[in-house]
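Novice: Provided herewith is a single structure, encoded as structure tokens, for subsequent inquiry.
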Amino acid sequence: MMADLQDHAIRQHCKALRMPTIGTQFSRLADAASREGQSHLGYLEALLAAEMEERESRAITRLLHEAKLPRMKTLDGFEFDRSGVSAAHANQLSRALARWERLDLICIDELGYVPLAETACELMFQVIADRAEKAAVIVTTNLPFPEWSQVIPNPPLCKALIDRLTDQAHIITTGADSYRFRRTSAQRKPAKS
């Protein structure tokens, strides 16, 4: 009964504060935090991240609707090799790189599942090189460094990228098994008496 009253009060507070995602997700995320042994701060971070992600998603949807674009276009369909190095393109690239420079941390998660196009490799190198000794980059991957050439097919570029990433880096090797797989396996094992 008390828990129901608390749930209702939290939902009302979230409604008044205009935080609908927290209002709908707090209970589910609390259960997940309890199962995973998260701290209170970890739970709070997850709640706020969920609210931020939903707000960003709604803002993108709203802006796309307001733009009244005739049809949706994504980067997947963009023909980079036909675009050429026009002044407008160079200016857009400069602005994008400047936005990346302002971030305190960039996380490139699960590098290595899909080989990158030459242009993507060059842009990733540019972003990482610009951040060298100035800002943090985290890269997660299942590939050891000798296998990065599978993802970055240009050998000199691959070597230069690894050189920039590993300079003064903290490299954490977690082993062959996936962390997520090990965690799930551990949860399924019966507790020893």
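Residue numbering restarts at 1 in every chain; chains get A, B, ... in the order shown in the structure tokens, and ligands count up from 1 in that same order.
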I'd like the neighbourhood of stretch 104-108 of chain A as a PDB file with N, CA and C atoms, in the first residue's frame, where a residue qualifies if any of its atoms comes within 12 Å (using only C-alpha atoms), though same-chain residues fewer than 3 positions away should be ignored.

Specialist:
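Result saved to selection05.pdb:
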ATOM      1  N   ARG A  99      32.430  20.911 -33.254  1.00  0.00           N
ATOM      2  CA  ARG A  99      31.489  20.418 -32.237  1.00  0.00           C
ATOM      3  C   ARG A  99      32.100  19.242 -31.477  1.00  0.00           C
ATOM      4  N   TRP A 100      32.748  18.331 -32.180  1.00  0.00           N
ATOM      5  CA  TRP A 100      33.369  17.168 -31.523  1.00  0.00           C
ATOM      6  C   TRP A 100      34.484  17.615 -30.577  1.00  0.00           C
ATOM      7  N   GLU A 101      35.219  18.664 -30.956  1.00  0.00           N
ATOM      8  CA  GLU A 101      36.325  19.145 -30.112  1.00  0.00           C
ATOM      9  C   GLU A 101      35.835  19.658 -28.766  1.00  0.00           C
ATOM     10  N   LEU A 111      33.921  -0.876 -31.662  1.00  0.00           N
ATOM     11  CA  LEU A 111      34.634  -0.697 -32.922  1.00  0.00           C
ATOM     12  C   LEU A 111      35.039  -2.065 -33.449  1.00  0.00           C
ATOM     13  N   GLY A 112      34.758  -2.332 -34.688  1.00  0.00           N
ATOM     14  CA  GLY A 112      35.238  -3.565 -35.278  1.00  0.00           C
ATOM     15  C   GLY A 112      34.198  -4.500 -35.827  1.00  0.00           C
ATOM     16  N   TYR A 113      32.930  -4.216 -35.601  1.00  0.00           N
ATOM     17  CA  TYR A 113      31.913  -5.125 -36.126  1.00  0.00           C
ATOM     18  C   TYR A 113      31.683  -4.925 -37.614  1.00  0.00           C
ATOM     19  N   MET A 124      37.410   9.675 -38.572  1.00  0.00           N
ATOM     20  CA  MET A 124      37.657   9.208 -37.209  1.00  0.00           C
ATOM     21  C   MET A 124      39.086   9.563 -36.788  1.00  0.00           C
ATOM     22  N   VAL A 127      39.255  13.323 -35.920  1.00  0.00           N
ATOM     23  CA  VAL A 127      38.653  13.623 -34.615  1.00  0.00           C
ATOM     24  C   VAL A 127      39.608  13.205 -33.496  1.00  0.00           C
ATOM     25  N   ILE A 128      40.156  11.992 -33.594  1.00  0.00           N
ATOM     26  CA  ILE A 128      41.035  11.482 -32.539  1.00  0.00           C
ATOM     27  C   ILE A 128      42.345  12.255 -32.496  1.00  0.00           C
ATOM     28  N   ARG A 131      42.019  15.541 -30.767  1.00  0.00           N
ATOM     29  CA  ARG A 131      41.820  15.438 -29.320  1.00  0.00           C
ATOM     30  C   ARG A 131      43.078  15.014 -28.571  1.00  0.00           C
ATOM     31  N   ALA A 132      44.119  14.596 -29.302  1.00  0.00           N
ATOM     32  CA  ALA A 132      45.331  14.066 -28.674  1.00  0.00           C
ATOM     33  C   ALA A 132      45.856  15.024 -27.607  1.00  0.00           C
ATOM     34  N   GLU A 133      46.050  14.486 -26.400  1.00  0.00           N
ATOM     35  CA  GLU A 133      46.577  15.206 -25.240  1.00  0.00           C
ATOM     36  C   GLU A 133      45.697  16.388 -24.808  1.00  0.00           C
ATOM     37  N   LYS A 134      44.463  16.475 -25.324  1.00  0.00           N
ATOM     38  CA  LYS A 134      43.569  17.569 -24.943  1.00  0.00           C
ATOM     39  C   LYS A 134      42.271  17.084 -24.322  1.00  0.00           C
ATOM     40  N   ALA A 135      41.731  15.981 -24.822  1.00  0.00           N
ATOM     41  CA  ALA A 135      40.428  15.507 -24.352  1.00  0.00           C
ATOM     42  C   ALA A 135      40.390  13.986 -24.431  1.00  0.00           C
ATOM     43  N   ALA A 136      39.448  13.399 -23.696  1.00  0.00           N
ATOM     44  CA  ALA A 136      39.395  11.940 -23.545  1.00  0.00           C
ATOM     45  C   ALA A 136      38.617  11.247 -24.659  1.00  0.00           C
ATOM     46  N   VAL A 137      39.103  10.035 -24.984  1.00  0.00           N
ATOM     47  CA  VAL A 137      38.436   9.148 -25.934  1.00  0.00           C
ATOM     48  C   VAL A 137      38.425   7.758 -25.317  1.00  0.00           C
ATOM     49  N   ILE A 138      37.273   7.103 -25.361  1.00  0.00           N
ATOM     50  CA  ILE A 138      37.163   5.707 -24.932  1.00  0.00           C
ATOM     51  C   ILE A 138      36.768   4.905 -26.159  1.00  0.00           C
ATOM     52  N   VAL A 139      37.485   3.811 -26.397  1.00  0.00           N
ATOM     53  CA  VAL A 139      37.150   2.911 -27.496  1.00  0.00           C
ATOM     54  C   VAL A 139      36.968   1.525 -26.902  1.00  0.00           C
ATOM     55  N   THR A 140      35.825   0.901 -27.199  1.00  0.00           N
ATOM     56  CA  THR A 140      35.640  -0.491 -26.805  1.00  0.00           C
ATOM     57  C   THR A 140      35.634  -1.329 -28.070  1.00  0.00           C
ATOM     58  N   THR A 141      36.267  -2.489 -27.986  1.00  0.00           N
ATOM     59  CA  THR A 141      36.358  -3.373 -29.147  1.00  0.00           C
ATOM     60  C   THR A 141      36.681  -4.779 -28.692  1.00  0.00           C
ATOM     61  N   LEU A 165      45.689   6.762 -30.357  1.00  0.00           N
ATOM     62  CA  LEU A 165      44.828   6.259 -29.280  1.00  0.00           C
ATOM     63  C   LEU A 165      45.618   5.702 -28.100  1.00  0.00           C
TER      64      LEU A 165
END

Novice: Give me, as a list in words, all polymer residues having an atom no more than 9 Å from A:Met52, counting only C-alpha atoms and skipping those fewer than 5 positions away in the same chain.

Specialist: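 That gives Thr21, Leu47 and Ser57 of chain A.
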
Novice: Would you work out the distance separating atom CA of A:Phe26 from atom CA of A:Met1, expressed in Å to one decimal?

Specialist: 17.8 Å

Novice: What's around A:Cys158 at 10 Å? Count only C-alpha atoms, leave out sequence neighbours fewer than 2 positions away in its own chain, and write the answer as an mmCIF file with C-alpha atoms, in the first residue's frame.

Specialist:
data_model
loop_
_atom_site.group_PDB
_atom_site.id
_atom_site.type_symbol
_atom_site.label_atom_id
_atom_site.label_comp_id
_atom_site.auth_asym_id
_atom_site.auth_seq_id
_atom_site.Cartn_x
_atom_site.Cartn_y
_atom_site.Cartn_z
ATOM 1 C CA CYS A 121 38.368 6.126 -41.263
ATOM 2 C CA GLU A 122 39.883 9.472 -42.221
ATOM 3 C CA PHE A 125 41.424 9.742 -37.372
ATOM 4 C CA PHE A 145 45.312 -4.161 -32.235
ATOM 5 C CA PRO A 146 46.852 -6.458 -34.914
ATOM 6 C CA TRP A 148 42.286 -3.473 -36.535
ATOM 7 C CA SER A 149 43.361 -3.560 -40.191
ATOM 8 C CA GLN A 150 40.177 -5.575 -40.812
ATOM 9 C CA VAL A 151 38.174 -2.489 -39.869
ATOM 10 C CA ILE A 152 40.577 0.208 -41.078
ATOM 11 C CA PRO A 153 41.868 -1.145 -44.390
ATOM 12 C CA ASN A 154 44.443 1.629 -44.985
ATOM 13 C CA PRO A 155 47.568 0.296 -43.136
ATOM 14 C CA PRO A 156 49.350 3.655 -42.583
ATOM 15 C CA ALA A 160 48.604 6.233 -37.071
ATOM 16 C CA LEU A 161 45.169 5.863 -35.449
ATOM 17 C CA ILE A 162 46.396 3.193 -33.018
ATOM 18 C CA ASP A 163 49.437 5.360 -32.271
#

Novice: Between A:Asp7, A:Asp31, A:Glu147, A:Glu36, which residue has the minimum interatomic distance to A:Thr184, considering only C-alpha atoms?

Specialist: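 Checking each of A:Asp7, A:Asp31, A:Glu147, A:Glu36 against A:Thr184, counting only C-alpha atoms, the winner is A:Glu36.
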
Novice: Quick check for you: according to DSSP on this backbone, which residues of chain A are classed as strand (DSSP E or B)? Reply as a short mmCIF file (atom, residue, chain, number, x, y, z; two decimals) with C-alpha atoms, in the first residue's frame.

Specialist:
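Everything below was put into states-v2.cif:
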data_model
loop_
_atom_site.label_atom_id
_atom_site.label_comp_id
_atom_site.auth_asym_id
_atom_site.auth_seq_id
_atom_site.Cartn_x
_atom_site.Cartn_y
_atom_site.Cartn_z
CA LEU A 105 34.62 12.69 -23.71
CA ILE A 106 33.92 10.73 -26.86
CA CYS A 107 33.08 7.02 -26.58
CA ILE A 108 33.40 4.83 -29.67
CA ASP A 109 31.63 1.66 -28.63
CA GLU A 110 32.19 -1.76 -30.21
CA LEU A 111 34.63 -0.70 -32.92
CA ALA A 136 39.39 11.94 -23.54
CA VAL A 137 38.44 9.15 -25.93
CA ILE A 138 37.16 5.71 -24.93
CA VAL A 139 37.15 2.91 -27.50
CA THR A 140 35.64 -0.49 -26.80
CA THR A 141 36.36 -3.37 -29.15
#
